[in-house]
$ cat work.txt   # compact mmCIF, N, CA and C atoms
# COMPACT_ATOMS: atom_id res chain seq x y z
N MET A 221 134.92 126.11 126.21
CA MET A 221 133.79 126.70 125.51
C MET A 221 133.90 128.21 125.58
N LEU A 222 133.39 128.84 124.54
CA LEU A 222 133.47 130.29 124.47
C LEU A 222 132.17 130.82 123.89
N GLU A 223 131.62 131.83 124.50
CA GLU A 223 130.40 132.45 124.01
C GLU A 223 130.79 133.57 123.06
N VAL A 224 130.25 133.50 121.83
CA VAL A 224 130.59 134.48 120.81
C VAL A 224 129.33 135.25 120.44
N PRO A 225 129.30 136.55 120.64
CA PRO A 225 128.11 137.32 120.24
C PRO A 225 128.04 137.44 118.72
N ILE A 226 126.83 137.37 118.21
CA ILE A 226 126.64 137.51 116.76
C ILE A 226 125.58 138.57 116.50
N LYS A 227 125.66 139.21 115.36
CA LYS A 227 124.66 140.20 114.98
C LYS A 227 123.54 139.48 114.22
N VAL A 228 122.32 139.86 114.49
CA VAL A 228 121.18 139.29 113.80
C VAL A 228 120.47 140.40 113.07
N ARG A 229 120.30 140.22 111.78
CA ARG A 229 119.57 141.22 111.00
C ARG A 229 118.09 141.06 111.26
N GLY A 230 117.39 142.14 111.38
CA GLY A 230 115.95 142.09 111.61
C GLY A 230 115.17 141.76 110.35
N GLU A 231 115.70 142.18 109.21
CA GLU A 231 115.01 141.94 107.94
C GLU A 231 116.01 141.41 106.92
N ARG A 232 115.47 140.71 105.94
CA ARG A 232 116.31 140.19 104.87
C ARG A 232 116.74 141.32 103.95
N GLU A 233 117.94 141.20 103.43
CA GLU A 233 118.43 142.24 102.52
C GLU A 233 117.76 142.15 101.16
N HIS A 234 117.55 140.93 100.66
CA HIS A 234 116.92 140.78 99.37
C HIS A 234 116.10 139.49 99.35
N GLY A 235 114.96 139.57 98.68
CA GLY A 235 114.09 138.41 98.55
C GLY A 235 113.26 138.14 99.79
N GLU A 236 112.35 137.18 99.65
CA GLU A 236 111.52 136.76 100.78
C GLU A 236 111.88 135.33 101.14
N SER A 237 111.60 134.98 102.37
CA SER A 237 111.83 133.61 102.80
C SER A 237 110.88 132.68 102.06
N ARG A 238 111.41 131.66 101.41
CA ARG A 238 110.57 130.70 100.72
C ARG A 238 110.04 129.65 101.69
N VAL A 239 110.60 129.60 102.88
CA VAL A 239 110.21 128.58 103.84
C VAL A 239 108.99 129.01 104.63
N ALA A 240 109.07 130.20 105.24
CA ALA A 240 107.99 130.57 106.16
C ALA A 240 107.64 132.04 106.06
N ASN A 241 107.27 132.50 104.87
CA ASN A 241 106.87 133.90 104.77
C ASN A 241 105.43 134.09 105.25
N ASN A 242 104.63 133.03 105.26
CA ASN A 242 103.27 133.08 105.76
C ASN A 242 103.06 131.83 106.61
N LEU A 243 102.72 132.02 107.87
CA LEU A 243 102.62 130.89 108.79
C LEU A 243 101.52 129.91 108.39
N PHE A 244 100.37 130.41 107.94
CA PHE A 244 99.28 129.52 107.55
C PHE A 244 99.62 128.74 106.28
N LYS A 245 100.27 129.42 105.34
CA LYS A 245 100.69 128.75 104.11
C LYS A 245 101.72 127.66 104.43
N TYR A 246 102.64 127.98 105.31
CA TYR A 246 103.66 127.01 105.73
C TYR A 246 103.00 125.80 106.41
N GLY A 247 102.05 126.06 107.30
CA GLY A 247 101.35 124.97 107.98
C GLY A 247 100.56 124.10 107.01
N PHE A 248 99.90 124.73 106.05
CA PHE A 248 99.13 123.98 105.06
C PHE A 248 100.04 123.13 104.20
N ARG A 249 101.16 123.70 103.74
CA ARG A 249 102.10 122.93 102.92
C ARG A 249 102.71 121.78 103.70
N THR A 250 103.04 122.02 104.96
CA THR A 250 103.62 120.97 105.79
C THR A 250 102.61 119.84 106.02
N ALA A 251 101.36 120.20 106.34
CA ALA A 251 100.32 119.18 106.53
C ALA A 251 100.09 118.40 105.25
N SER A 252 100.14 119.09 104.11
CA SER A 252 99.97 118.43 102.82
C SER A 252 101.08 117.41 102.58
N ILE A 253 102.31 117.78 102.89
CA ILE A 253 103.44 116.87 102.71
C ILE A 253 103.30 115.66 103.63
N ILE A 254 102.90 115.89 104.87
CA ILE A 254 102.73 114.79 105.83
C ILE A 254 101.64 113.84 105.36
N LEU A 255 100.51 114.38 104.91
CA LEU A 255 99.41 113.52 104.44
C LEU A 255 99.81 112.73 103.19
N LYS A 256 100.51 113.37 102.27
CA LYS A 256 100.94 112.67 101.06
C LYS A 256 101.93 111.56 101.39
N THR A 257 102.82 111.83 102.33
CA THR A 257 103.77 110.80 102.74
C THR A 257 103.05 109.64 103.40
N TYR A 258 102.11 109.95 104.28
CA TYR A 258 101.33 108.92 104.94
C TYR A 258 100.53 108.11 103.93
N ARG A 259 99.96 108.81 102.94
CA ARG A 259 99.20 108.12 101.88
C ARG A 259 100.10 107.18 101.08
N ASP A 260 101.34 107.60 100.81
CA ASP A 260 102.23 106.80 99.98
C ASP A 260 102.85 105.63 100.72
N TYR A 261 103.11 105.78 102.02
CA TYR A 261 103.81 104.73 102.76
C TYR A 261 102.91 103.89 103.65
N ARG A 262 101.73 104.33 103.98
CA ARG A 262 100.75 103.56 104.75
C ARG A 262 99.37 103.72 104.12
N PRO A 263 99.22 103.27 102.86
CA PRO A 263 97.97 103.56 102.14
C PRO A 263 96.73 102.90 102.73
N LEU A 264 96.86 101.67 103.21
CA LEU A 264 95.67 101.01 103.74
C LEU A 264 95.18 101.71 105.00
N ARG A 265 96.10 102.12 105.84
CA ARG A 265 95.71 102.84 107.05
C ARG A 265 95.11 104.20 106.70
N PHE A 266 95.72 104.89 105.74
CA PHE A 266 95.24 106.21 105.33
C PHE A 266 93.81 106.13 104.78
N PHE A 267 93.60 105.26 103.79
CA PHE A 267 92.28 105.15 103.19
C PHE A 267 91.31 104.42 104.13
N GLY A 268 91.84 103.57 105.00
CA GLY A 268 90.98 102.85 105.94
C GLY A 268 90.27 103.78 106.90
N TRP A 269 90.97 104.83 107.35
CA TRP A 269 90.32 105.79 108.26
C TRP A 269 89.17 106.50 107.58
N PHE A 270 89.38 106.93 106.34
CA PHE A 270 88.30 107.60 105.61
C PHE A 270 87.16 106.63 105.30
N ALA A 271 87.51 105.39 104.97
CA ALA A 271 86.48 104.38 104.71
C ALA A 271 85.67 104.11 105.97
N ALA A 272 86.34 103.98 107.10
CA ALA A 272 85.64 103.73 108.36
C ALA A 272 84.73 104.89 108.73
N ALA A 273 85.20 106.11 108.55
CA ALA A 273 84.38 107.28 108.85
C ALA A 273 83.15 107.33 107.96
N SER A 274 83.33 107.02 106.69
CA SER A 274 82.20 107.03 105.76
C SER A 274 81.19 105.93 106.11
N MET A 275 81.69 104.75 106.45
CA MET A 275 80.78 103.66 106.80
C MET A 275 80.04 103.94 108.11
N VAL A 276 80.73 104.51 109.08
CA VAL A 276 80.05 104.86 110.34
C VAL A 276 78.95 105.86 110.07
N LEU A 277 79.22 106.84 109.22
CA LEU A 277 78.21 107.81 108.85
C LEU A 277 77.03 107.13 108.15
N GLY A 278 77.34 106.22 107.23
CA GLY A 278 76.28 105.50 106.53
C GLY A 278 75.43 104.65 107.46
N PHE A 279 76.10 103.92 108.38
CA PHE A 279 75.34 103.10 109.32
C PHE A 279 74.55 103.94 110.30
N SER A 280 75.02 105.15 110.60
CA SER A 280 74.24 106.02 111.48
C SER A 280 72.95 106.46 110.80
N PHE A 281 73.00 106.72 109.49
CA PHE A 281 71.76 107.05 108.76
C PHE A 281 70.82 105.84 108.74
N PHE A 282 71.38 104.64 108.53
CA PHE A 282 70.54 103.44 108.57
C PHE A 282 69.94 103.22 109.95
N THR A 283 70.69 103.51 111.00
CA THR A 283 70.18 103.37 112.36
C THR A 283 69.04 104.35 112.60
N PHE A 284 69.22 105.58 112.11
CA PHE A 284 68.14 106.56 112.21
C PHE A 284 66.89 106.05 111.49
N LEU A 285 67.06 105.52 110.28
CA LEU A 285 65.93 105.01 109.52
C LEU A 285 65.28 103.84 110.22
N LEU A 286 66.07 102.94 110.78
CA LEU A 286 65.52 101.80 111.52
C LEU A 286 64.76 102.27 112.76
N GLY A 287 65.32 103.25 113.46
CA GLY A 287 64.63 103.80 114.63
C GLY A 287 63.30 104.42 114.25
N TRP A 288 63.27 105.15 113.14
CA TRP A 288 62.03 105.74 112.68
C TRP A 288 61.02 104.66 112.30
N TYR A 289 61.49 103.59 111.64
CA TYR A 289 60.60 102.51 111.24
C TYR A 289 60.01 101.80 112.47
N LEU A 290 60.84 101.57 113.48
CA LEU A 290 60.34 100.93 114.69
C LEU A 290 59.37 101.84 115.43
N HIS A 291 59.56 103.14 115.35
CA HIS A 291 58.69 104.10 116.03
C HIS A 291 57.37 104.30 115.28
N ALA A 292 57.46 104.52 113.95
CA ALA A 292 56.27 104.88 113.17
C ALA A 292 55.69 103.72 112.38
N GLY A 293 56.45 102.66 112.17
CA GLY A 293 55.96 101.53 111.40
C GLY A 293 56.04 101.73 109.89
N LYS A 294 56.66 102.80 109.45
CA LYS A 294 56.83 103.04 108.01
C LYS A 294 58.10 103.86 107.79
N PHE A 295 58.59 103.81 106.55
CA PHE A 295 59.81 104.53 106.22
C PHE A 295 59.54 105.99 105.87
N PHE A 296 58.36 106.27 105.38
CA PHE A 296 58.00 107.63 104.98
C PHE A 296 57.92 108.52 106.21
N PRO A 297 58.42 109.70 106.23
CA PRO A 297 59.02 110.55 105.20
C PRO A 297 60.54 110.51 105.20
N HIS A 298 61.15 109.50 105.78
CA HIS A 298 62.62 109.48 105.92
C HIS A 298 63.29 108.44 105.04
N LYS A 299 62.75 108.20 103.85
CA LYS A 299 63.41 107.30 102.91
C LYS A 299 64.77 107.84 102.51
N TRP A 300 64.91 109.14 102.53
CA TRP A 300 66.17 109.78 102.16
C TRP A 300 67.32 109.26 102.99
N ALA A 301 67.05 108.93 104.26
CA ALA A 301 68.12 108.45 105.15
C ALA A 301 68.68 107.13 104.64
N GLY A 302 67.84 106.28 104.08
CA GLY A 302 68.30 105.02 103.51
C GLY A 302 69.20 105.23 102.31
N PHE A 303 68.81 106.16 101.44
CA PHE A 303 69.62 106.45 100.26
C PHE A 303 70.96 107.09 100.65
N VAL A 304 70.90 108.02 101.57
CA VAL A 304 72.14 108.68 102.01
C VAL A 304 73.04 107.67 102.72
N GLY A 305 72.46 106.81 103.55
CA GLY A 305 73.24 105.78 104.23
C GLY A 305 73.89 104.83 103.24
N ALA A 306 73.13 104.41 102.24
CA ALA A 306 73.69 103.51 101.21
C ALA A 306 74.81 104.21 100.45
N PHE A 307 74.64 105.50 100.16
CA PHE A 307 75.68 106.26 99.46
C PHE A 307 76.98 106.26 100.26
N PHE A 308 76.90 106.57 101.55
CA PHE A 308 78.11 106.63 102.37
C PHE A 308 78.75 105.25 102.54
N ILE A 309 77.96 104.22 102.62
CA ILE A 309 78.52 102.87 102.74
C ILE A 309 79.23 102.47 101.45
N VAL A 310 78.64 102.79 100.31
CA VAL A 310 79.29 102.49 99.02
C VAL A 310 80.59 103.28 98.89
N ILE A 311 80.57 104.55 99.27
CA ILE A 311 81.79 105.35 99.24
C ILE A 311 82.85 104.73 100.16
N GLY A 312 82.44 104.29 101.35
CA GLY A 312 83.37 103.65 102.27
C GLY A 312 83.97 102.39 101.70
N LEU A 313 83.15 101.56 101.05
CA LEU A 313 83.66 100.34 100.43
C LEU A 313 84.63 100.66 99.30
N MET A 314 84.30 101.69 98.52
CA MET A 314 85.21 102.08 97.43
C MET A 314 86.54 102.58 97.99
N LEU A 315 86.51 103.36 99.07
CA LEU A 315 87.75 103.83 99.68
C LEU A 315 88.56 102.66 100.23
N LEU A 316 87.88 101.68 100.79
CA LEU A 316 88.57 100.51 101.32
C LEU A 316 89.25 99.73 100.18
N ILE A 317 88.56 99.59 99.06
CA ILE A 317 89.15 98.90 97.90
C ILE A 317 90.35 99.68 97.37
N VAL A 318 90.23 101.00 97.31
CA VAL A 318 91.36 101.83 96.88
C VAL A 318 92.54 101.63 97.83
N GLY A 319 92.27 101.56 99.13
CA GLY A 319 93.33 101.33 100.11
C GLY A 319 94.01 99.99 99.93
N VAL A 320 93.23 98.95 99.66
CA VAL A 320 93.81 97.62 99.46
C VAL A 320 94.67 97.59 98.19
N VAL A 321 94.18 98.19 97.11
CA VAL A 321 94.94 98.24 95.86
C VAL A 321 96.22 99.07 96.05
N ALA A 322 96.10 100.19 96.74
CA ALA A 322 97.28 101.02 96.99
C ALA A 322 98.29 100.29 97.87
N GLU A 323 97.82 99.51 98.82
CA GLU A 323 98.72 98.71 99.67
C GLU A 323 99.47 97.67 98.83
N MET A 324 98.75 97.03 97.89
CA MET A 324 99.41 96.07 97.02
C MET A 324 100.46 96.75 96.14
N LEU A 325 100.12 97.93 95.62
CA LEU A 325 101.08 98.66 94.80
C LEU A 325 102.29 99.10 95.62
N ASP A 326 102.07 99.44 96.88
CA ASP A 326 103.19 99.80 97.76
C ASP A 326 104.10 98.60 97.98
N ARG A 327 103.51 97.44 98.19
CA ARG A 327 104.33 96.24 98.38
C ARG A 327 105.12 95.91 97.11
N ILE A 328 104.51 96.10 95.95
CA ILE A 328 105.21 95.88 94.69
C ILE A 328 106.37 96.86 94.56
N ARG A 329 106.13 98.13 94.93
CA ARG A 329 107.19 99.14 94.87
C ARG A 329 108.35 98.77 95.78
N VAL A 330 108.05 98.32 96.99
CA VAL A 330 109.10 97.94 97.93
C VAL A 330 109.89 96.74 97.39
N ALA A 331 109.18 95.76 96.83
CA ALA A 331 109.85 94.59 96.27
C ALA A 331 110.74 94.99 95.09
N ASN A 332 110.25 95.88 94.23
CA ASN A 332 111.05 96.34 93.10
C ASN A 332 112.28 97.11 93.56
N ASP A 333 112.13 97.92 94.60
CA ASP A 333 113.28 98.63 95.14
C ASP A 333 114.32 97.66 95.69
N GLU A 334 113.87 96.62 96.36
CA GLU A 334 114.78 95.61 96.90
C GLU A 334 115.50 94.87 95.77
N ILE A 335 114.76 94.50 94.73
CA ILE A 335 115.37 93.82 93.58
C ILE A 335 116.40 94.72 92.91
N LEU A 336 116.05 95.99 92.69
CA LEU A 336 116.97 96.92 92.07
C LEU A 336 118.23 97.08 92.91
N PHE A 337 118.09 97.18 94.22
CA PHE A 337 119.24 97.30 95.11
C PHE A 337 120.16 96.09 94.97
N ARG A 338 119.57 94.89 94.97
CA ARG A 338 120.39 93.67 94.87
C ARG A 338 121.07 93.55 93.51
N VAL A 339 120.37 93.91 92.45
CA VAL A 339 120.97 93.85 91.11
C VAL A 339 122.14 94.82 91.02
N ARG A 340 121.95 96.03 91.51
CA ARG A 340 123.04 97.02 91.45
C ARG A 340 124.21 96.59 92.32
N ARG A 341 123.93 95.98 93.46
CA ARG A 341 125.02 95.51 94.32
C ARG A 341 125.79 94.39 93.62
N MET A 342 125.08 93.47 92.95
CA MET A 342 125.75 92.39 92.22
C MET A 342 126.58 92.96 91.07
N GLU A 343 126.04 93.94 90.34
CA GLU A 343 126.79 94.55 89.25
C GLU A 343 128.04 95.24 89.79
N HIS A 344 127.89 95.92 90.91
CA HIS A 344 129.04 96.59 91.52
C HIS A 344 130.10 95.58 91.94
N GLU A 345 129.69 94.46 92.52
CA GLU A 345 130.63 93.42 92.93
C GLU A 345 131.32 92.79 91.73
N LEU A 346 130.56 92.55 90.65
CA LEU A 346 131.16 92.00 89.43
C LEU A 346 132.18 92.97 88.83
N GLN A 347 131.84 94.25 88.80
CA GLN A 347 132.77 95.24 88.28
C GLN A 347 134.02 95.32 89.15
N ARG A 348 133.86 95.26 90.45
CA ARG A 348 135.01 95.30 91.36
C ARG A 348 135.90 94.07 91.16
N ASP A 349 135.27 92.89 91.00
CA ASP A 349 136.04 91.66 90.76
C ASP A 349 136.81 91.74 89.45
N ARG A 350 136.22 92.30 88.39
CA ARG A 350 136.90 92.43 87.10
C ARG A 350 138.09 93.38 87.20
N GLU A 351 137.90 94.46 87.97
CA GLU A 351 139.01 95.40 88.12
C GLU A 351 140.15 94.77 88.94
N GLN A 352 139.83 93.92 89.89
CA GLN A 352 140.87 93.27 90.69
C GLN A 352 141.63 92.24 89.87
N GLU A 353 140.98 91.60 88.90
CA GLU A 353 141.64 90.62 88.04
C GLU A 353 142.66 91.27 87.13
N ARG A 354 142.48 92.52 86.80
CA ARG A 354 143.38 93.20 85.87
C ARG A 354 144.64 93.51 86.53

$ encode --input "work.txt" --output "structure tokens"
Amino acid sequence: MLEVPIKVRGEREHGESRVANNLFKYGFRTASIILKTYRDYRPLRFFGWFAAASMVLGFSFFTFLLGWYLHAGKFFPHKWAGFVGAFFIVIGLMLLIVGVVAEMLDRIRVANDEILFRVRRMEHELQRDREQER
């Protein structure tokens, strides 16, 4: 082994780094790529977390409304909590449905990729066999 000293330039001669010229921009782009990848390859888990968070929020509003009803014997003046709770639960259910549909589409994509791989492999084998016959 041999240690070789190298010169390091402090600044670029021309242009700016497209990778990391701004640390926050780089972090945001990296997080965006990670989330998109997670969304594309684990859609039910991705949307499931948001659905669960929305439903927990909705049920917490319903719990508040139920607590108020048990305390005061009426829903007034906190009817809003019921509407807000119902809104978050509906949003959660919609996110869950989106996750299930996206999971089915992901499975279809994986199956199509597998079929395409096998068809191309068979075509390649047929072409190789034809060339060997010549």

$ axis_aligned_box --input "work.txt" --around "region 242-258 of chain A" --padding-each-side "8 Å" --output "lines of an AutoDock Vina configuration file"
center_x = 101.9
center_y = 120.6
center_z = 104.9
size_x = 21.5
size_y = 41.0
size_z = 23.7

$ residues_around --input "work.txt" --residues "Phe282 (chain A)" --least-positions-apart "3" --cutoff "6.5 Å" --atoms "all atoms listed in the file" --output "PyMOL selection string"
chain A and resi 277-279+285-287+301-302+305

$ residues_around --input "work.txt" --residues "Ala272 (chain A)" --least-positions-apart "3" --cutoff "8 Å" --atoms "all atoms listed in the file" --output "PyMOL selection string"
chain A and resi 267-269+275-278+311-313+315-316

$ closest_residue --input "work.txt" --among "A:Asp333, A:Asp326, A:Gly293, A:Arg354" --to "Tyr261 (chain A)" --atoms "all atoms listed in the file"
A:Asp326

$ closest_residue --input "work.txt" --among "A:Val304, A:Leu346, A:Ala292, A:Ile335" --to "Ser280 (chain A)" --atoms "only C-alpha atoms"
A:Val304
